[in-house]
$ cat run21.tsv   # TSV, C-alpha atoms
chain	number	residue	atom	x	y	z
A	1	MET	CA	-41.09	49.48	-56.04
A	2	LYS	CA	-38.34	49.23	-53.46
A	3	GLU	CA	-35.94	46.32	-54.03
A	4	ALA	CA	-35.77	43.70	-51.28
A	5	THR	CA	-32.60	43.75	-49.19
A	6	ASP	CA	-30.35	40.68	-49.02
A	7	GLU	CA	-31.53	40.07	-45.47
A	8	GLN	CA	-35.22	40.17	-46.51
A	9	LEU	CA	-34.48	37.74	-49.34
A	10	MET	CA	-32.77	35.41	-46.91
A	11	GLN	CA	-35.82	35.50	-44.61
A	12	ALA	CA	-37.95	34.56	-47.61
A	13	VAL	CA	-35.56	31.70	-48.45
A	14	ALA	CA	-36.04	30.42	-44.89
A	15	GLU	CA	-39.76	30.17	-45.66
A	16	GLY	CA	-39.04	28.06	-48.75
A	17	ASP	CA	-39.04	30.80	-51.41
A	18	LEU	CA	-36.64	29.58	-54.13
A	19	ASP	CA	-37.20	32.69	-56.26
A	20	ALA	CA	-35.66	34.74	-53.44
A	21	PHE	CA	-32.75	32.32	-53.41
A	22	ASP	CA	-32.35	32.73	-57.19
A	23	GLU	CA	-32.14	36.49	-56.68
A	24	LEU	CA	-29.41	36.05	-54.05
A	25	VAL	CA	-27.46	33.77	-56.40
A	26	LEU	CA	-27.63	36.40	-59.15
A	27	ARG	CA	-26.46	39.11	-56.74
A	28	TYR	CA	-23.56	37.13	-55.29
A	29	GLN	CA	-22.40	34.74	-58.03
A	30	SER	CA	-19.69	37.06	-59.29
A	31	ILE	CA	-18.30	37.64	-55.77
A	32	ALA	CA	-18.30	33.90	-55.08
A	33	TRP	CA	-16.59	33.01	-58.34
A	34	LYS	CA	-13.86	35.67	-58.14
A	35	MET	CA	-13.08	35.05	-54.50
A	36	ALA	CA	-12.93	31.25	-54.94
A	37	HIS	CA	-10.80	31.55	-58.07
A	38	ARG	CA	-8.33	33.93	-56.45
A	39	PHE	CA	-8.13	31.73	-53.42
A	40	LEU	CA	-7.79	28.38	-55.19
A	41	GLY	CA	-6.34	29.32	-58.58
A	42	ASP	CA	-8.23	26.58	-60.36
A	43	ALA	CA	-11.44	27.04	-62.37
A	44	MET	CA	-13.02	23.67	-61.58
A	45	GLU	CA	-12.30	23.89	-57.86
A	46	ALA	CA	-13.47	27.51	-57.81
A	47	GLU	CA	-16.79	26.68	-59.45
A	48	ASP	CA	-17.30	23.75	-57.11
A	49	VAL	CA	-16.62	25.85	-53.98
A	50	ALA	CA	-18.69	28.81	-55.25
A	51	GLN	CA	-21.64	26.48	-55.89
A	52	GLU	CA	-21.23	24.81	-52.51
A	53	SER	CA	-21.23	28.18	-50.74
A	54	PHE	CA	-24.71	28.89	-52.15
A	55	LEU	CA	-26.03	25.45	-51.27
A	56	LYS	CA	-24.70	25.76	-47.72
A	57	THR	CA	-26.43	29.14	-47.48
A	58	LEU	CA	-29.68	27.51	-48.60
A	59	GLU	CA	-29.35	24.68	-46.08
A	60	ALA	CA	-28.62	27.12	-43.25
A	61	ALA	CA	-31.40	29.56	-44.22
A	62	ARG	CA	-33.71	28.61	-41.34
A	63	ARG	CA	-30.95	29.17	-38.80
A	64	TYR	CA	-30.00	32.52	-40.31
A	65	ARG	CA	-30.52	35.52	-38.02
A	66	PRO	CA	-29.77	38.98	-39.41
A	67	THR	CA	-27.30	39.87	-36.65
A	68	ALA	CA	-24.62	40.69	-39.26
A	69	THR	CA	-25.14	41.76	-42.88
A	70	PHE	CA	-25.88	38.96	-45.34
A	71	ARG	CA	-22.75	39.98	-47.25
A	72	THR	CA	-20.53	39.27	-44.22
A	73	TYR	CA	-22.47	36.04	-43.56
A	74	PHE	CA	-21.98	34.87	-47.14
A	75	TYR	CA	-18.28	35.79	-47.17
A	76	ARG	CA	-17.84	33.80	-43.96
A	77	THR	CA	-19.37	30.67	-45.51
A	78	LEU	CA	-17.34	31.12	-48.70
A	79	THR	CA	-14.05	31.82	-46.90
A	80	HIS	CA	-14.35	28.78	-44.67
A	81	LEU	CA	-15.09	26.57	-47.66
A	82	CYS	CA	-12.03	28.01	-49.45
A	83	ILE	CA	-9.84	27.41	-46.38
A	84	ASP	CA	-11.08	23.80	-46.08
A	85	ARG	CA	-10.48	23.18	-49.77
A	86	THR	CA	-7.02	24.76	-49.76
A	87	ARG	CA	-5.96	22.45	-46.93
A	88	LYS	CA	-6.85	19.43	-49.06
A	89	LYS	CA	-5.49	20.86	-52.29
A	90	GLN	CA	-2.05	20.22	-53.79
A	91	LEU	CA	0.14	23.27	-54.35
A	92	THR	CA	-0.26	24.77	-57.80
A	93	SER	CA	2.51	23.99	-60.27
A	94	ILE	CA	3.65	26.45	-62.92
A	95	ASP	CA	2.12	24.25	-65.64
A	96	ASP	CA	-1.35	24.84	-64.16
A	97	ILE	CA	-1.14	28.58	-64.87
A	98	PRO	CA	-2.99	29.42	-68.11
A	99	GLU	CA	-1.29	31.40	-70.87
A	100	ALA	CA	-1.81	35.16	-70.90
A	101	MET	CA	-4.63	35.97	-73.31
A	102	ASP	CA	-3.48	39.51	-74.12
A	103	PRO	CA	-3.07	39.63	-77.96
A	104	SER	CA	-0.89	42.76	-77.76
A	105	LEU	CA	1.92	40.74	-76.10
A	106	SER	CA	4.67	39.08	-78.13
A	107	PRO	CA	5.30	35.36	-77.46
A	108	ASP	CA	8.31	36.26	-75.28
A	109	GLU	CA	6.35	38.87	-73.32
A	110	SER	CA	3.50	36.41	-72.93
A	111	LEU	CA	5.90	33.86	-71.46
A	112	ILE	CA	7.36	36.42	-69.04
A	113	GLU	CA	3.83	37.44	-68.01
A	114	LYS	CA	2.89	33.81	-67.44
A	115	GLU	CA	6.01	33.31	-65.32
A	116	ARG	CA	5.19	36.41	-63.30
A	117	ARG	CA	1.61	35.32	-62.63
A	118	ALA	CA	2.82	31.86	-61.71
A	119	ARG	CA	5.19	33.30	-59.12
A	120	VAL	CA	2.39	35.39	-57.61
A	121	ARG	CA	0.13	32.31	-57.52
A	122	LEU	CA	2.78	30.17	-55.86
A	123	ALA	CA	3.58	32.91	-53.34
A	124	LEU	CA	-0.11	33.22	-52.42
A	125	ASP	CA	-0.54	29.45	-52.19
A	126	ALA	CA	2.45	29.21	-49.86
A	127	LEU	CA	0.74	31.42	-47.26
A	128	PRO	CA	-0.95	29.77	-44.26
A	129	PRO	CA	-4.74	29.60	-44.95
A	130	LYS	CA	-5.78	32.39	-42.55
A	131	GLN	CA	-3.10	34.79	-43.83
A	132	LYS	CA	-4.15	33.97	-47.38
A	133	ALA	CA	-7.82	34.56	-46.53
A	134	ALA	CA	-7.04	37.92	-44.87
A	135	MET	CA	-4.93	38.97	-47.86
A	136	VAL	CA	-7.51	37.94	-50.49
A	137	LEU	CA	-10.38	39.58	-48.58
A	138	ARG	CA	-8.40	42.79	-48.11
A	139	HIS	CA	-6.58	43.14	-51.40
A	140	TYR	CA	-9.02	41.69	-53.92
A	141	GLU	CA	-12.38	42.07	-52.19
A	142	GLY	CA	-11.55	45.44	-50.59
A	143	LEU	CA	-13.04	44.52	-47.20
A	144	SER	CA	-12.16	46.47	-44.06
A	145	TYR	CA	-10.20	44.93	-41.18
A	146	THR	CA	-13.42	44.94	-39.10
A	147	GLU	CA	-15.35	42.97	-41.76
A	148	ILE	CA	-12.45	40.52	-42.19
A	149	ALA	CA	-12.35	40.09	-38.41
A	150	GLN	CA	-16.06	39.14	-38.38
A	151	ILE	CA	-15.53	36.69	-41.22
A	152	LEU	CA	-12.49	34.98	-39.68
A	153	GLY	CA	-13.77	35.18	-36.08
A	154	VAL	CA	-10.78	37.18	-34.83
A	155	THR	CA	-10.14	40.78	-33.69
A	156	PRO	CA	-9.32	43.62	-36.12
A	157	LYS	CA	-5.88	43.82	-34.46
A	158	ALA	CA	-5.32	40.14	-35.28
A	159	VAL	CA	-6.30	40.86	-38.89
A	160	GLU	CA	-3.63	43.58	-39.03
A	161	GLY	CA	-1.12	41.00	-37.78
A	162	LEU	CA	-2.24	38.43	-40.40
A	163	ILE	CA	-1.92	40.98	-43.22
A	164	THR	CA	1.46	42.24	-42.01
A	165	ARG	CA	2.86	38.69	-41.93
A	166	ALA	CA	1.24	37.79	-45.26
A	167	ARG	CA	2.73	40.83	-47.02
A	168	ALA	CA	6.16	40.21	-45.48
A	169	SER	CA	6.07	36.63	-46.76
A	170	LEU	CA	4.87	37.72	-50.24
A	171	GLN	CA	7.56	40.41	-50.41
A	172	ALA	CA	10.25	37.86	-49.58
A	173	ARG	CA	9.03	35.56	-52.37
A	174	LEU	CA	8.34	38.19	-55.00
A	175	SER	CA	11.14	40.69	-54.41
A	176	HIS	CA	13.20	39.32	-57.33
A	177	LEU	CA	10.44	39.99	-59.89
B	1	MET	CA	6.58	58.45	-33.50
B	2	ASN	CA	9.90	56.75	-34.21
B	3	CYS	CA	10.72	54.48	-37.18
B	4	LYS	CA	10.04	51.27	-35.21
B	5	GLU	CA	6.54	52.39	-34.26
B	6	ILE	CA	5.89	53.58	-37.80
B	7	LEU	CA	6.99	50.28	-39.36
B	8	SER	CA	4.78	48.27	-37.01
B	9	ARG	CA	1.66	50.10	-38.31
B	10	LEU	CA	2.75	50.56	-41.93
B	11	HIS	CA	0.39	47.97	-43.44
B	12	ALA	CA	-2.62	49.42	-41.62
B	13	TYR	CA	-1.53	52.84	-42.89
B	14	VAL	CA	-1.30	51.63	-46.51
B	15	ASP	CA	-4.75	50.05	-46.14
B	16	GLY	CA	-6.19	53.28	-44.69
B	17	GLU	CA	-7.19	51.50	-41.48
B	18	LEU	CA	-5.71	53.87	-38.91
B	19	PRO	CA	-7.60	56.56	-37.01
B	20	ALA	CA	-7.31	60.04	-38.56
B	21	ARG	CA	-4.92	61.35	-35.88
B	22	LEU	CA	-2.53	58.42	-36.37
B	23	MET	CA	-2.73	58.76	-40.17
B	24	ARG	CA	-1.60	62.39	-39.85
B	25	GLU	CA	1.30	61.44	-37.57
B	26	MET	CA	2.37	58.72	-40.02
B	27	GLU	CA	2.23	61.13	-42.95
B	28	GLU	CA	4.30	63.70	-41.06
B	29	HIS	CA	6.95	61.07	-40.34
B	30	LEU	CA	6.95	59.67	-43.88
B	31	GLY	CA	7.42	63.21	-45.21
B	32	VAL	CA	10.80	63.45	-43.48
B	33	CYS	CA	11.96	59.79	-43.38
B	34	PRO	CA	13.13	58.34	-46.75
B	35	SER	CA	13.76	54.90	-45.20
B	36	CYS	CA	10.14	54.44	-44.02
B	37	ARG	CA	8.89	55.98	-47.27
B	38	SER	CA	10.76	53.35	-49.29
B	39	GLN	CA	9.02	50.66	-47.22
B	40	VAL	CA	5.65	52.11	-48.18
B	41	GLU	CA	6.74	52.06	-51.83
B	42	ARG	CA	7.74	48.40	-51.55
B	43	ILE	CA	4.34	47.48	-50.11
B	44	ARG	CA	2.57	49.33	-52.93
B	45	GLN	CA	4.73	47.65	-55.59
B	46	MET	CA	3.94	44.26	-54.14
B	47	ASP	CA	0.23	45.10	-54.13
B	48	ASN	CA	0.51	46.05	-57.81
B	49	MET	CA	2.10	42.69	-58.49
B	50	LEU	CA	-0.88	40.95	-56.89
B	51	ASP	CA	-3.13	42.83	-59.31
B	52	SER	CA	-1.53	40.95	-62.20
B	53	MET	CA	-3.46	37.85	-61.16
B	54	SER	CA	-6.55	38.04	-63.37
B	55	VAL	CA	-9.73	35.99	-62.99
B	56	PRO	CA	-11.50	34.48	-66.00
B	57	PRO	CA	-15.16	35.44	-66.53
B	58	LEU	CA	-17.86	33.61	-64.59
B	59	PRO	CA	-18.55	30.24	-66.27
B	60	GLU	CA	-21.67	30.33	-68.43
B	61	GLY	CA	-24.78	28.83	-66.86
B	62	PHE	CA	-23.33	28.99	-63.34
B	63	SER	CA	-26.50	30.30	-61.68
B	64	ALA	CA	-28.65	27.77	-63.57
B	65	ARG	CA	-26.49	24.92	-62.27
B	66	VAL	CA	-26.71	26.27	-58.72
B	67	MET	CA	-30.50	26.56	-58.99
B	68	ALA	CA	-30.85	23.04	-60.42
B	69	GLU	CA	-28.94	21.65	-57.44
B	70	ALA	CA	-30.88	23.91	-55.07
B	71	ARG	CA	-34.22	22.54	-56.33
B	72	LYS	CA	-33.00	19.03	-55.61
B	73	ARG	CA	-32.09	19.99	-52.06
B	74	ALA	CA	-34.91	22.51	-51.59
B	75	LEU	CA	-36.22	22.99	-48.09
B	76	PRO	CA	-39.72	21.74	-47.48
B	77	VAL	CA	-41.96	24.68	-46.62
B	78	PRO	CA	-42.30	24.78	-42.82
B	79	GLU	CA	-45.62	23.25	-41.77
B	80	LYS	CA	-47.80	25.67	-39.83
B	81	ARG	CA	-50.06	24.28	-37.11
B	82	PRO	CA	-52.80	26.76	-36.33
B	83	LEU	CA	-54.22	26.55	-32.80
B	84	MET	CA	-57.58	28.17	-32.15
B	85	GLY	CA	-57.24	30.08	-35.39
B	86	LEU	CA	-53.88	31.50	-34.33
B	87	ASP	CA	-50.43	30.65	-35.60
B	88	TRP	CA	-49.27	29.71	-32.13
B	89	MET	CA	-45.82	28.11	-32.00
B	90	PRO	CA	-44.32	28.83	-28.60
B	91	LEU	CA	-41.49	26.31	-29.11
B	92	ARG	CA	-40.57	27.51	-32.59
B	93	TRP	CA	-37.34	28.97	-31.16
B	94	PHE	CA	-36.41	25.48	-29.93
B	95	ALA	CA	-37.03	23.86	-33.32
B	96	ASP	CA	-34.80	26.49	-34.95
B	97	LEU	CA	-31.84	25.74	-32.69
B	98	THR	CA	-28.92	23.59	-33.79
B	99	LEU	CA	-28.48	20.20	-32.10
B	100	PRO	CA	-25.72	21.30	-29.65
B	101	MET	CA	-27.82	24.32	-28.64
B	102	ARG	CA	-30.88	22.10	-28.10
B	103	LEU	CA	-28.82	19.78	-25.89
B	104	ALA	CA	-27.50	22.79	-23.94
B	105	ALA	CA	-31.08	24.07	-23.42
B	106	CYS	CA	-32.24	20.64	-22.18
B	107	ALA	CA	-29.24	20.35	-19.86
B	108	THR	CA	-30.00	23.79	-18.40
B	109	VAL	CA	-33.63	22.87	-17.68
B	110	LEU	CA	-32.54	19.55	-16.12
B	111	LEU	CA	-29.96	21.29	-13.96
B	112	ALA	CA	-32.55	23.84	-12.82
B	113	CYS	CA	-34.94	20.98	-11.82
B	114	LEU	CA	-32.20	19.16	-9.88
B	115	LEU	CA	-31.21	22.35	-8.07
B	116	GLY	CA	-34.87	22.98	-7.22
B	117	MET	CA	-35.25	19.48	-5.80
B	118	LEU	CA	-32.08	19.77	-3.73
B	119	MET	CA	-33.04	23.15	-2.36
B	120	SER	CA	-36.57	22.07	-1.41
B	121	ARG	CA	-35.12	18.98	0.31
B	122	ASP	CA	-32.80	21.18	2.35
B	123	LEU	CA	-35.70	23.40	3.32
B	124	SER	CA	-37.83	20.48	4.48
B	125	LEU	CA	-34.93	19.04	6.54
B	126	SER	CA	-34.13	22.38	8.13
B	127	GLY	CA	-37.78	22.88	9.27
B	128	SER	CA	-38.67	22.08	12.92
B	129	PRO	CA	-39.80	18.43	13.33
B	130	ARG	CA	-41.61	19.25	16.60
B	131	THR	CA	-45.36	19.19	16.41
B	132	THR	CA	-47.30	21.70	18.41
B	133	VAL	CA	-50.07	20.63	20.82
B	134	VAL	CA	-52.79	22.01	18.57
B	135	GLU	CA	-51.40	20.10	15.58
B	136	ALA	CA	-51.22	16.90	17.66
B	137	GLU	CA	-54.86	17.28	18.71
B	138	ASN	CA	-55.87	17.81	15.12
B	139	LEU	CA	-53.96	14.71	14.08
B	140	ASP	CA	-55.59	12.60	16.87
B	141	GLY	CA	-58.96	13.45	15.38
B	142	PHE	CA	-57.96	11.62	12.21
B	143	GLU	CA	-56.87	8.35	13.87
B	144	TRP	CA	-59.94	6.51	12.47
B	145	PHE	CA	-58.52	7.12	9.00
B	146	SER	CA	-55.15	5.44	9.82
B	147	PRO	CA	-54.39	1.87	8.45
B	148	THR	CA	-54.87	0.49	12.01
B	149	PRO	CA	-57.78	2.31	13.66
B	150	PRO	CA	-58.31	1.69	17.42
B	151	ALA	CA	-60.15	-1.59	18.26
B	152	SER	CA	-59.36	-3.05	14.85
B	153	LEU	CA	-57.67	-6.40	14.16
B	154	GLY	CA	-54.57	-4.61	12.87
B	155	SER	CA	-54.33	-2.57	16.02
B	156	ALA	CA	-54.63	-5.67	18.23
B	157	TYR	CA	-51.89	-7.43	16.21
B	158	LEU	CA	-49.55	-4.47	16.53
B	159	THR	CA	-50.15	-4.28	20.30
B	160	LEU	CA	-49.25	-7.97	20.65
B	161	ALA	CA	-46.26	-7.78	18.34
B	162	LEU	CA	-44.81	-4.76	20.14
B	163	SER	CA	-45.32	-6.22	23.61
B	164	ALA	CA	-43.79	-9.67	22.70
B	165	PRO	CA	-40.06	-8.71	23.06
B	166	GLU	CA	-40.75	-7.22	26.49
B	167	ASP	CA	-42.39	-10.52	27.57
B	168	GLN	CA	-39.40	-12.52	26.25
B	169	GLY	CA	-37.02	-10.21	28.13
B	170	ALA	CA	-39.02	-10.74	31.37
B	171	ARG	CA	-38.62	-14.52	31.04
$ encode --input "run21.tsv" --output "structure tokens"
Amino acid sequence: MKEATDEQLMQAVAEGDLDAFDELVLRYQSIAWKMAHRFLGDAMEAEDVAQESFLKTLEAARRYRPTATFRTYFYRTLTHLCIDRTRKKQLTSIDDIPEAMDPSLSPDESLIEKERRARVRLALDALPPKQKAAMVLRHYEGLSYTEIAQILGVTPKAVEGLITRARASLQARLSHL
Amino acid sequence: MNCKEILSRLHAYVDGELPARLMREMEEHLGVCPSCRSQVERIRQMDNMLDSMSVPPLPEGFSARVMAEARKRALPVPEKRPLMGLDWMPLRWFADLTLPMRLAACATVLLACLLGMLMSRDLSLSGSPRTTVVEAENLDGFEWFSPTPPASLGSAYLTLALSAPEDQGAR
């Protein structure tokens, strides 16, 4: 039997079908978790935002119209929640970065690795929210400029500008590593 | 393309977001320009650095927690009101709109009504007030239906009231 598309599931959710919603959660939970964690750098905040993105999707189900793919629609909800949360959030400190869990590393190497990841985290957190969103969606989620433009409500050319500025800022902060 | 033009599109090139023709032009330039090539290398190194940021596995029971919260907030199933055996909901689109969109729709209808009223008023004012002879004759035939038909008490009162100022003026 042919599997229902995301858009068909969403139509079913609009009619009160919670099993369809469960299926959407299973399909998108990994995306939501990874994106929120990369954006916020904190497990508790990431889980909270990932959960909220699903609940917002449920609440908005009746207003959903399949004009864009559900994937883009979901990313838009998630990204805006991440941007809102990052505006309220304190900058990450180096002590918040967990230890590297790679057993092949010596204690010294583990410390260097932790330092390196902390610098990357701080450099990402220092970006303005829209630049950070464009960078996370492009680099980690592998979305095209056109998809990012739909998510952020800007033009693909503006996305290119956001990514160019974000990379320049990251390069300036990470060049010494 | 010169170096300045190349550098302005370098990030789109690294991301593979340029049209095929432009990608070829960029590659041709990068093949002969070590300075621009080193910039591409720097971007790629920085991208590799970003890859060092790992994400822990999805917390256990995540979907179950989402579903538990979803059941609490679950949408009531939309009530269907069959009319004559049909699922007839002509205003369903209106119920589905958000509040600002509903207000905008109401404002549009109101504006259309006001415009209609104004335009019909203009039309009635611009029409000729003169009554033709035939219309006047037709109207005379209905004088017994007026509030003061001829030879009635009302008619006599009006005749007296209208002639009184003339009498006063004569005195």
$ interface_residues --input "run21.tsv" --of "chain A" --to "chain B" --cutoff "9 Å" --atoms "all atoms listed in the file" --output "PyMOL selection string"
chain A and resi 13-18+21-22+25-26+29-30+33-34+37-38+41+43+47+51-52+54-55+58-59+62-63+113+116-118+120-121+124+138-140+144-145+160+163-164+167-168+170-171+174-175+177
$ residues_near_point --input "run21.tsv" --point "(6.1, 59.7, -39.2)" --cutoff "10 Å" --atoms "all atoms listed in the file" --output "ChimeraX atom specification"
/B:1-3,5-7,22-33,36-37
$ atom_distance --input "run21.tsv" --atom1 "atom CA of A:Thr146" --atom2 "atom CA of A:Met35"
18.3 Å
$ atom_distance --input "run21.tsv" --atom1 "atom CA of A:Ala166" --atom2 "atom CA of A:Lys132"
6.9 Å
$ atom_distance --input "run21.tsv" --atom1 "atom CA of A:Thr57" --atom2 "atom CA of A:Thr77"
7.5 Å
$ closest_residue --input "run21.tsv" --among "A:Gln11, A:Ser104, A:Thr86, A:Ser53" --to "A:Phe74" --atoms "only C-alpha atoms"
A:Ser53
